[in-house]
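Containing mmCIF, C-alpha atoms and all ligand atoms: input_7.cif.
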data_target
loop_
_atom_site.label_atom_id
_atom_site.label_comp_id
_atom_site.auth_asym_id
_atom_site.auth_seq_id
_atom_site.Cartn_x
_atom_site.Cartn_y
_atom_site.Cartn_z
CA MET A 1377 32.01 -18.71 12.45
CA ARG A 1378 29.35 -20.44 14.49
CA LYS A 1379 27.66 -23.38 12.95
CA ARG A 1380 24.10 -22.51 12.13
CA CYS A 1381 21.24 -24.63 10.99
CA LEU A 1382 19.85 -23.47 7.67
CA LEU A 1383 16.35 -24.33 8.76
CA GLY A 1384 16.86 -21.85 11.55
CA TRP A 1385 17.75 -19.25 8.92
CA MET A 1386 14.67 -20.03 6.89
CA LEU A 1387 12.42 -19.86 9.91
CA MET A 1388 13.90 -16.52 10.86
CA SER A 1389 13.27 -15.24 7.40
CA GLY A 1390 9.57 -15.98 7.61
CA MET A 1391 9.61 -19.35 5.95
CA ALA A 1392 7.53 -21.97 7.67
CA VAL A 1393 9.15 -25.35 7.68
CA THR A 1394 6.59 -28.09 7.76
CA ALA A 1395 8.88 -31.07 7.96
CA PHE A 1396 12.58 -31.53 8.00
CA ALA A 1397 15.34 -34.05 7.86
CA ALA A 1398 17.47 -33.28 10.85
CA GLY A 1399 18.48 -30.67 13.32
CA GLY A 1400 16.22 -28.01 14.77
CA GLY A 1401 17.07 -24.39 14.19
CA GLN A 1402 18.04 -22.39 17.20
CA GLU A 1403 16.33 -19.06 17.57
CA THR A 1404 18.77 -16.29 16.89
CA ASP A 1405 18.85 -13.14 18.95
CA PHE A 1406 19.81 -10.67 16.23
CA SER A 1407 20.76 -8.09 18.84
CA LYS A 1408 23.70 -10.33 19.73
CA VAL A 1409 24.90 -10.90 16.17
CA GLN A 1410 28.09 -9.11 15.23
CA ILE A 1411 29.09 -8.37 11.69
CA LYS A 1412 32.65 -9.28 10.86
CA ALA A 1413 34.21 -7.69 7.78
CA THR A 1414 37.29 -9.25 6.21
CA LYS A 1415 39.27 -8.00 3.25
CA VAL A 1416 39.23 -10.61 0.50
CA SER A 1417 41.27 -8.85 -2.18
CA GLY A 1418 41.79 -5.28 -3.38
CA ASN A 1419 38.59 -3.38 -2.60
CA ILE A 1420 36.41 -6.48 -2.07
CA TYR A 1421 35.37 -7.43 1.44
CA MET A 1422 33.37 -10.29 2.90
CA LEU A 1423 30.89 -9.66 5.70
CA GLU A 1424 29.71 -12.42 8.01
CA GLY A 1425 26.93 -12.23 10.57
CA GLU A 1426 23.98 -14.60 10.28
CA GLY A 1427 22.87 -16.12 7.02
CA GLY A 1428 24.61 -16.01 3.68
CA ASN A 1429 27.99 -14.40 3.15
CA ILE A 1430 27.96 -10.82 1.88
CA ALA A 1431 30.50 -9.58 -0.65
CA ALA A 1432 31.11 -5.82 -0.78
CA SER A 1433 32.86 -3.72 -3.41
CA ILE A 1434 33.82 -0.53 -1.63
CA GLY A 1435 35.40 2.36 -3.49
CA GLU A 1436 35.27 5.88 -4.84
CA ASP A 1437 31.86 5.43 -6.46
CA GLY A 1438 30.22 3.96 -3.38
CA ILE A 1439 29.31 0.45 -2.33
CA VAL A 1440 27.84 -2.59 -4.08
CA ILE A 1441 26.91 -5.57 -1.93
CA VAL A 1442 26.03 -9.11 -2.90
CA ASP A 1443 23.28 -10.48 -0.61
CA ASP A 1444 22.09 -8.84 2.60
CA GLN A 1445 21.30 -11.48 5.27
CA PHE A 1446 18.34 -10.47 7.50
CA ALA A 1447 16.38 -7.26 7.97
CA PRO A 1448 17.26 -6.83 11.68
CA LEU A 1449 20.95 -6.82 10.69
CA ALA A 1450 20.75 -4.11 8.03
CA GLU A 1451 21.84 -1.28 10.33
CA LYS A 1452 24.75 -3.30 11.63
CA ILE A 1453 25.79 -4.18 8.09
CA GLN A 1454 25.66 -0.47 7.16
CA ALA A 1455 27.69 0.40 10.26
CA SER A 1456 30.24 -2.28 9.49
CA LEU A 1457 30.68 -0.98 5.93
CA LYS A 1458 31.11 2.59 7.20
CA GLY A 1459 33.41 1.42 9.96
CA LEU A 1460 35.96 0.26 7.40
CA GLY A 1461 36.61 3.96 6.85
CA ILE A 1462 36.93 3.69 3.07
CA THR A 1463 33.96 5.73 1.92
CA ASP A 1464 31.00 7.68 3.27
CA LYS A 1465 29.10 6.98 0.09
CA PRO A 1466 26.04 4.74 0.36
CA VAL A 1467 25.27 1.20 -0.68
CA ARG A 1468 24.09 1.99 -4.18
CA PHE A 1469 23.29 -1.53 -5.33
CA VAL A 1470 22.39 -4.85 -3.71
CA ILE A 1471 22.67 -7.93 -5.93
CA ASN A 1472 20.85 -11.04 -4.71
CA THR A 1473 22.39 -14.41 -5.57
CA HIS A 1474 18.97 -16.13 -5.15
CA TYR A 1475 15.64 -15.68 -3.40
CA HIS A 1476 16.14 -17.46 -0.06
CA GLY A 1477 15.49 -15.31 2.99
CA ASP A 1478 18.96 -15.66 4.49
CA HIS A 1479 20.31 -13.86 1.39
CA THR A 1480 17.50 -11.37 0.67
CA GLY A 1481 16.13 -10.64 4.15
CA GLY A 1482 17.75 -7.20 4.24
CA ASN A 1483 16.34 -6.08 0.86
CA ALA A 1484 13.56 -3.91 2.30
CA PRO A 1485 15.69 -1.91 4.74
CA PHE A 1486 18.42 -1.46 2.13
CA SER A 1487 15.99 -0.32 -0.54
CA ASN A 1488 14.26 1.98 1.98
CA ALA A 1489 17.69 3.48 2.64
CA GLY A 1490 18.12 4.19 -1.07
CA SER A 1491 19.83 1.10 -2.48
CA THR A 1492 18.67 -0.44 -5.75
CA VAL A 1493 18.14 -4.19 -5.53
CA ILE A 1494 19.07 -6.28 -8.56
CA ALA A 1495 18.41 -9.97 -9.17
CA GLN A 1496 17.64 -12.57 -11.80
CA ASP A 1497 14.01 -12.61 -13.04
CA ASN A 1498 13.07 -15.76 -11.11
CA VAL A 1499 14.24 -14.27 -7.81
CA ARG A 1500 11.65 -11.51 -8.11
CA LYS A 1501 8.97 -13.95 -9.28
CA ARG A 1502 9.50 -16.28 -6.35
CA MET A 1503 9.68 -13.46 -3.82
CA GLU A 1504 6.59 -11.82 -5.23
CA SER A 1505 4.45 -14.95 -5.35
CA GLY A 1506 5.64 -16.78 -2.27
CA GLY A 1507 5.39 -20.55 -2.45
CA THR A 1508 7.15 -23.65 -1.39
CA GLY A 1509 10.70 -24.83 -1.43
CA GLY A 1510 12.48 -28.01 -0.44
CA ILE A 1511 14.14 -31.03 -1.87
CA GLY A 1512 11.11 -32.13 -3.82
CA PRO A 1513 7.44 -32.99 -3.47
CA GLY A 1514 7.11 -35.32 -0.52
CA GLY A 1515 10.68 -34.49 0.39
CA SER A 1516 11.92 -34.51 3.95
CA VAL A 1517 12.93 -30.86 3.65
CA HIS A 1518 9.96 -28.74 2.77
CA PHE A 1519 9.13 -25.11 3.56
CA GLU A 1520 6.76 -22.35 2.65
CA HIS A 1521 7.56 -18.70 2.20
CA LYS A 1522 5.18 -15.79 2.20
CA PRO A 1523 5.00 -13.23 -0.60
CA ALA A 1524 7.58 -10.52 0.08
CA GLU A 1525 6.66 -6.90 0.78
CA LYS A 1526 7.05 -4.54 -2.15
CA ALA A 1527 10.16 -2.82 -0.79
CA ALA A 1528 11.95 -6.17 -0.66
CA LEU A 1529 11.47 -6.96 -4.35
CA PRO A 1530 14.36 -6.46 -6.76
CA ILE A 1531 13.50 -3.50 -8.99
CA ILE A 1532 16.00 -4.32 -11.70
CA THR A 1533 15.90 -7.87 -12.97
CA PHE A 1534 17.70 -9.64 -15.76
CA GLU A 1535 17.34 -12.89 -17.61
CA HIS A 1536 20.85 -13.98 -18.44
CA ASP A 1537 23.42 -11.53 -17.14
CA LEU A 1538 23.94 -7.99 -15.98
CA THR A 1539 26.98 -5.81 -15.35
CA VAL A 1540 27.35 -3.05 -12.76
CA HIS A 1541 30.17 -0.68 -13.72
CA LEU A 1542 31.34 0.77 -10.44
CA ASN A 1543 34.56 1.30 -8.52
CA GLY A 1544 36.58 0.76 -11.69
CA GLU A 1545 35.30 -2.77 -12.12
CA ASP A 1546 32.82 -4.57 -14.35
CA ILE A 1547 30.92 -6.45 -11.66
CA ARG A 1548 29.05 -9.16 -13.53
CA ALA A 1549 26.09 -11.22 -12.39
CA LEU A 1550 25.59 -14.33 -14.50
CA HIS A 1551 22.54 -16.58 -14.28
CA PHE A 1552 23.11 -20.30 -13.83
CA PRO A 1553 19.74 -21.97 -14.32
CA ALA A 1554 18.54 -24.83 -12.16
CA GLY A 1555 21.36 -25.25 -9.61
CA HIS A 1556 20.56 -24.40 -5.98
CA THR A 1557 17.32 -22.80 -7.31
CA ASP A 1558 16.20 -21.63 -10.77
CA GLY A 1559 17.27 -18.04 -10.08
CA ASP A 1560 20.92 -18.39 -9.07
CA SER A 1561 23.51 -15.88 -10.07
CA ILE A 1562 27.24 -16.11 -9.62
CA ILE A 1563 28.82 -12.69 -9.22
CA PHE A 1564 32.23 -12.01 -10.76
CA PHE A 1565 34.66 -9.28 -9.68
CA PRO A 1566 37.21 -9.72 -12.46
CA LYS A 1567 39.60 -6.88 -11.59
CA ASN A 1568 39.92 -8.03 -8.00
CA ASN A 1569 39.93 -11.72 -8.96
CA VAL A 1570 37.07 -12.59 -6.61
CA VAL A 1571 33.82 -14.46 -7.22
CA HIS A 1572 30.72 -14.87 -5.03
CA MET A 1573 29.09 -18.21 -5.85
CA GLY A 1574 25.92 -17.90 -3.78
CA ASP A 1575 24.53 -21.22 -2.60
CA ASP A 1576 25.68 -23.06 -5.71
CA PHE A 1577 28.86 -23.54 -3.64
CA VAL A 1578 28.74 -23.89 0.14
CA ARG A 1579 31.07 -25.19 2.86
CA TYR A 1580 28.61 -26.82 5.27
CA GLY A 1581 28.84 -30.29 3.72
CA PHE A 1582 26.28 -31.75 1.33
CA PRO A 1583 24.54 -28.76 -0.25
CA PHE A 1584 20.88 -27.93 0.09
CA ILE A 1585 19.43 -28.12 -3.42
CA ASP A 1586 15.99 -26.54 -3.57
CA VAL A 1587 14.48 -28.96 -6.08
CA SER A 1588 10.98 -27.56 -5.49
CA SER A 1589 12.26 -24.14 -6.58
CA GLY A 1590 13.74 -25.43 -9.80
CA GLY A 1591 17.11 -26.52 -8.44
CA SER A 1592 18.86 -29.71 -9.55
CA VAL A 1593 22.10 -31.48 -8.91
CA GLN A 1594 22.78 -31.60 -12.65
CA GLY A 1595 22.40 -27.84 -12.84
CA MET A 1596 24.64 -27.32 -9.85
CA ILE A 1597 27.36 -29.49 -11.42
CA ALA A 1598 26.98 -27.62 -14.72
CA ALA A 1599 27.21 -24.27 -12.92
CA MET A 1600 30.34 -25.25 -11.05
CA GLU A 1601 32.04 -26.63 -14.16
CA LYS A 1602 31.14 -23.64 -16.31
CA ALA A 1603 32.16 -21.12 -13.66
CA THR A 1604 35.38 -22.94 -12.85
CA ALA A 1605 36.36 -23.07 -16.52
CA GLN A 1606 36.25 -19.29 -16.85
CA LEU A 1607 37.99 -18.38 -13.59
CA PRO A 1608 41.72 -17.80 -13.07
CA ALA A 1609 43.50 -20.49 -11.04
CA ASP A 1610 44.16 -18.16 -8.10
CA VAL A 1611 40.65 -16.66 -7.84
CA LYS A 1612 39.30 -16.13 -4.34
CA VAL A 1613 35.91 -17.80 -3.96
CA ILE A 1614 33.27 -16.49 -1.55
CA PRO A 1615 30.86 -19.36 -0.90
CA GLY A 1616 27.19 -18.86 -0.02
CA HIS A 1617 28.06 -20.09 3.46
CA GLY A 1618 31.47 -20.73 5.01
CA ALA A 1619 35.02 -19.49 4.68
CA VAL A 1620 36.71 -17.96 1.63
CA SER A 1621 37.82 -20.83 -0.59
CA ASN A 1622 39.85 -21.59 -3.70
CA LEU A 1623 39.21 -23.43 -6.95
CA ASP A 1624 40.52 -26.71 -5.53
CA ASP A 1625 37.78 -26.55 -2.91
CA VAL A 1626 35.22 -25.93 -5.66
CA ARG A 1627 36.59 -28.85 -7.68
CA GLU A 1628 36.45 -31.20 -4.68
CA PHE A 1629 32.83 -30.13 -4.09
CA THR A 1630 31.96 -30.65 -7.77
CA LYS A 1631 33.61 -34.07 -7.82
CA MET A 1632 31.55 -35.09 -4.78
CA LEU A 1633 28.36 -33.96 -6.57
CA LYS A 1634 29.28 -35.96 -9.67
CA ASP A 1635 30.43 -39.11 -7.88
CA THR A 1636 27.38 -39.26 -5.61
CA SER A 1637 25.09 -38.64 -8.58
CA VAL A 1638 26.64 -41.59 -10.41
CA VAL A 1639 25.99 -43.86 -7.41
CA VAL A 1640 22.34 -42.84 -7.20
CA GLU A 1641 21.92 -43.12 -10.97
CA LYS A 1642 23.27 -46.69 -10.85
CA ALA A 1643 20.84 -47.53 -8.04
CA LEU A 1644 17.99 -46.04 -10.07
CA LYS A 1645 18.96 -48.21 -13.06
CA LYS A 1646 18.67 -51.22 -10.75
CA HIS A 1647 15.16 -49.99 -9.87
CA LYS A 1648 16.04 -49.43 -6.23
CA THR A 1649 13.61 -47.37 -4.20
CA LEU A 1650 14.60 -44.34 -2.20
CA GLU A 1651 14.12 -46.32 1.00
CA GLN A 1652 16.42 -49.08 -0.24
CA MET A 1653 19.11 -46.57 -1.13
CA LYS A 1654 18.95 -45.11 2.37
CA ARG A 1655 18.92 -48.52 4.03
CA GLU A 1656 21.90 -49.67 2.00
CA LYS A 1657 23.78 -46.47 2.90
CA ILE A 1658 24.88 -46.03 -0.69
CA LEU A 1659 26.61 -42.70 0.10
CA GLU A 1660 28.61 -44.07 3.04
CA PRO A 1661 31.99 -43.24 1.39
CA TRP A 1662 30.99 -39.53 1.41
CA LYS A 1663 29.80 -39.42 5.01
CA LYS A 1664 32.31 -36.69 5.91
CA TRP A 1665 30.00 -34.35 3.92
CA SER A 1666 27.00 -35.21 6.08
CA GLY A 1667 25.88 -32.14 8.01
CA ASP A 1668 23.28 -30.98 10.50
CA PHE A 1669 20.98 -29.66 7.82
CA VAL A 1670 21.58 -31.92 4.85
CA ASN A 1671 22.59 -35.28 6.24
CA THR A 1672 23.39 -38.30 4.07
CA ASP A 1673 19.78 -39.49 3.86
CA ALA A 1674 18.53 -36.04 2.91
CA PHE A 1675 21.18 -35.84 0.23
CA ILE A 1676 20.24 -39.26 -1.19
CA GLU A 1677 16.69 -37.91 -1.36
CA THR A 1678 17.89 -34.72 -3.06
CA LEU A 1679 19.74 -36.72 -5.71
CA TYR A 1680 16.83 -39.12 -6.11
CA ASN A 1681 14.31 -36.33 -6.68
CA SER A 1682 16.70 -34.38 -8.85
CA LEU A 1683 17.67 -37.33 -11.06
CA THR A 1684 14.12 -38.63 -11.44
CA GLY A 1685 13.15 -35.30 -12.93
CA THR A 1686 11.27 -33.50 -10.19
CA LYS A 1687 11.20 -29.90 -11.31
CA GLY A 1688 10.10 -26.56 -10.00
CA ASP A 1689 7.64 -24.10 -11.46
CA PHE A 1690 9.57 -21.54 -13.43
CA ARG A 1691 11.93 -22.85 -16.00
CA LYS A 1692 14.19 -20.88 -17.54
CA HIS A 1693 16.11 -19.65 -20.50
CA ASN A 1694 19.36 -21.29 -21.42
ZN ZN B 1701 19.85 -20.65 -0.40
#

Show how you would write the structure in this file as C-alpha cells.
Ligand SMILES: [Zn+2]
Amino acid sequence: MRKRCLLGWMLMSGMAVTAFAAGGGQETDFSKVQIKATKVSGNIYMLEGEGGNIAASIGEDGIVIVDDQFAPLAEKIQASLKGLGITDKPVRFVINTHYHGDHTGGNAPFSNAGSTVIAQDNVRKRMESGGTGGIGPGGSVHFEHKPAEKAALPIITFEHDLTVHLNGEDIRALHFPAGHTDGDSIIFFPKNNVVHMGDDFVRYGFPFIDVSSGGSVQGMIAAMEKATAQLPADVKVIPGHGAVSNLDDVREFTKMLKDTSVVVEKALKKHKTLEQMKREKILEPWKKWSGDFVNTDAFIETLYNSLTGTKGDFRKHN
C-alpha cells in the first residue's frame, strides 16, 4: 500500500489543518484510487483504498462493514464488495471505529444507499458539533472539522458496547474511552477470530493520538492491554492503517507506548520543558517509529500533553 500522509487524509475529509509537525499531504485523485479486497479469515475481508482499513463481514444475511473511508470512494467500495461474488445483498450496517474523516467519510453515501450507521455516542457528538482535533492545545498538530451533514451521522449509538448478530456471528463493538479519541471502538469478530482495532493500533510508526478529542496515551495503552488480554493468541488483527497484523505486533506497539511514556514521565519529574525534551532527543532509541506524520518530536509533544493532563471535551463513562 502506498504511504499516505494522514494530514492529507484529514484535509480531504474536510478538516482544515492550521499547523502541523511534518510532511505535507498530497492531494489525492480519488478517481485513480483502487479498492483492494483481501480475505482475512472465514467470511471477513479487508478493503484498502485511501484512508482507514475497512473490515467486511460478508455472508448470507448481507454485509456489515467497519469504517468507510471517503465519500468519493463509496461506489467503488460497493463494487468491490459485490465483485467478490459472495452475496448480492446490501451493506446493512456500517460501524465507525471513531469520528475521523478518513474512517467516516463514506457515511452519507452508504446511509443514502440504505445502510444503517452505528457508532459510539461520542462519535456522533463530535461529528454533529464539529470542532478541533490535534495533539493538544498549542500542539504542533491541530485541525478543525466542520459539522457533518445529517446523512453522515450515526443513527444508532451506544455508550459501552453493542452487538450486531449477522452472518452467524456476534459482531461486537466495544468502547475504549480516551485512546486515539474519546469515541474509539474495537470491533470483534469472535467466530472468525478477527478484530478491527481502529486507530488505537496502527502500523505507520508512532501513532497519532488526538488529545484534543479526548485521546490519551494512557488510554491507548489501557485499550491495547485490555483488548489483548481477551483475544486468542492467533487472532488476526486489522489495524486502523497498515497491513493485517498479529498479537505480537500489538504487544510490540504497546511496549513502545509504555516505554516512551516512562521516559517522558521521568523528564517531567525532573521539571524538563517540552523544548528541552525535544532538544535532548529523549526518544532517540525509538527513532525507527518516527514517521512522516507523527515524527519523534510530535510524539514527545503527544506524550507531554497527554501525561500533563490535557483533556478533550467529552469525557466518558468507564
Ligand atoms: Zn483516526

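Taking atom CA of A:Met1653 and atom CA of A:Gly1581 as the two end points, the separation is 19.6 Å.
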
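One finds atom CA of A:Glu1628 at 26.0 Å from atom CA of A:Tyr1475.
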
Return the single residue from A:Gly1482, A:Gly1555, A:Gly1506, A:Gly1595 that is closest to ligand ZN 1701 (chain B), with distances computed using all atoms listed in the file.
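Of A:Gly1482, A:Gly1555, A:Gly1506, A:Gly1595, the one nearest ligand ZN 1701 (chain B), counting all atoms listed in the file, is A:Gly1555.
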
With a cut-off of 8 Å, could you pull out the residues of chain A touching ligand ZN 1701 (chain B) and give me the nearest pair of atoms for each, distance in Å to one decimal, using all atoms listed in the file, ordered by chain and ascending number, as a Markdown table?
| residue | atom | partner | partner_atom | distance |
| --- | --- | --- | --- | --- |
| A:Gly1428 | CA | B:ZN1701 | ZN | 7.8 |
| A:His1474 | CA | B:ZN1701 | ZN | 6.6 |
| A:Tyr1475 | CA | B:ZN1701 | ZN | 7.2 |
| A:His1476 | CA | B:ZN1701 | ZN | 4.9 |
| A:Gly1477 | CA | B:ZN1701 | ZN | 7.7 |
| A:Asp1478 | CA | B:ZN1701 | ZN | 7.0 |
| A:His1479 | CA | B:ZN1701 | ZN | 7.0 |
| A:His1556 | CA | B:ZN1701 | ZN | 6.8 |
| A:Thr1557 | CA | B:ZN1701 | ZN | 7.7 |
| A:Gly1574 | CA | B:ZN1701 | ZN | 7.5 |
| A:Asp1575 | CA | B:ZN1701 | ZN | 5.2 |
| A:Phe1584 | CA | B:ZN1701 | ZN | 7.4 |
| A:Asp1586 | CA | B:ZN1701 | ZN | 7.7 |
| A:Gly1616 | CA | B:ZN1701 | ZN | 7.6 |

Sel. within 9 Å of pt (19.4, -36.4, 2.6), counting only C-alpha atoms, output as a short mmCIF file (atom, residue, chain, number, x, y, z; two decimals) with C-alpha atoms, in the frame of the given file:
data_model
loop_
_atom_site.label_atom_id
_atom_site.label_comp_id
_atom_site.auth_asym_id
_atom_site.auth_seq_id
_atom_site.Cartn_x
_atom_site.Cartn_y
_atom_site.Cartn_z
CA ALA A 1397 15.34 -34.05 7.86
CA ILE A 1511 14.14 -31.03 -1.87
CA SER A 1516 11.92 -34.51 3.95
CA VAL A 1517 12.93 -30.86 3.65
CA PHE A 1582 26.28 -31.75 1.33
CA PHE A 1584 20.88 -27.93 0.09
CA LYS A 1654 18.95 -45.11 2.37
CA SER A 1666 27.00 -35.21 6.08
CA PHE A 1669 20.98 -29.66 7.82
CA VAL A 1670 21.58 -31.92 4.85
CA ASN A 1671 22.59 -35.28 6.24
CA THR A 1672 23.39 -38.30 4.07
CA ASP A 1673 19.78 -39.49 3.86
CA ALA A 1674 18.53 -36.04 2.91
CA PHE A 1675 21.18 -35.84 0.23
CA ILE A 1676 20.24 -39.26 -1.19
CA GLU A 1677 16.69 -37.91 -1.36
CA THR A 1678 17.89 -34.72 -3.06
CA LEU A 1679 19.74 -36.72 -5.71
#

If we count all atoms listed in the file, what is near A:Ala1603 at a cut-off of 9 Å, once residues fewer than 5 positions away on the same chain are taken out, given as a compact mmCIF listing (two decimals) with C-alpha atoms, keeping the file's coordinate frame?
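Output file around_20.txt is given in full below:
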# COMPACT_ATOMS: atom_id res chain seq x y z
CA ILE A 1562 27.24 -16.11 -9.62
CA MET A 1573 29.09 -18.21 -5.85
CA ALA A 1598 26.98 -27.62 -14.72

Nearest to A:Arg1502, chosen from A:Ala1524, A:Ala1489, A:Ala1450, A:Ile1614, with all atoms listed in the file counted in the distances:
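The closest residue to A:Arg1502 is A:Ala1524.
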
Taking only C-alpha atoms into account, name the residue in A:Ala1619, A:Ala1413, A:Ala1495, A:Val1467 that is nearest to A:Pro1530.
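Residue with the minimum atom-to-atom distance to A:Pro1530: A:Ala1495.
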
Please report the interatomic distance between atom CA of A:His1518 and atom CA of A:Ser1589 in Å with one decimal.
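Separation of atom CA of A:His1518 and atom CA of A:Ser1589: 10.7 Å.
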
A:Tyr1680 proximity check over A:Gly1425, A:Gly1509, A:Pro1608, A:Gly1514, using only C-alpha atoms: winner is A:Gly1514

Which residue, A:Thr1684, A:Ile1471, A:Ser1592, A:Leu1623, has the smallest gap to A:His1647 when you use only C-alpha atoms?
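Comparing A:Thr1684, A:Ile1471, A:Ser1592, A:Leu1623 against A:His1647, the winner is A:Thr1684.
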
Counting all atoms listed in the file, figure out which residue out of A:Leu1644, A:Leu1529, A:Val1540, A:Val1613 gets nearest to A:Asn1569.
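Result for the nearest residue to A:Asn1569: A:Val1613.
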
Could you list, as a list of chain:residue names, every residue within 12 Å of A:Ala1447, counting all atoms listed in the file and ignoring same-chain residues fewer than 3 positions away?
A:Met1388, A:Ser1389, A:Gly1390, A:Phe1406, A:Ser1407, A:Gly1425, A:Glu1426, A:Gly1427, A:Asp1443, A:Asp1444, A:Ala1450, A:Glu1451, A:Lys1452, A:Ile1453, A:Gln1454, A:Gly1477, A:Asp1478, A:His1479, A:Thr1480, A:Gly1481, A:Gly1482, A:Asn1483, A:Ala1484, A:Pro1485, A:Phe1486, A:Ser1487, A:Asn1488, A:Ala1527, A:Ala1528

Contacts of A:Gly1618 at 7 Å or less, counting all atoms listed in the file, minus same-chain residues fewer than 4 places along, as an MDAnalysis selection string?
chainID A and resid 1578:1580

Next, write the just-selected residues to a file, as a CSV table (one decimal), in the coordinates of the input, keeping C-alpha atoms as the atom set.
chain,number,residue,atom,x,y,z
A,1578,VAL,CA,28.7,-23.9,0.1
A,1579,ARG,CA,31.1,-25.2,2.9
A,1580,TYR,CA,28.6,-26.8,5.3
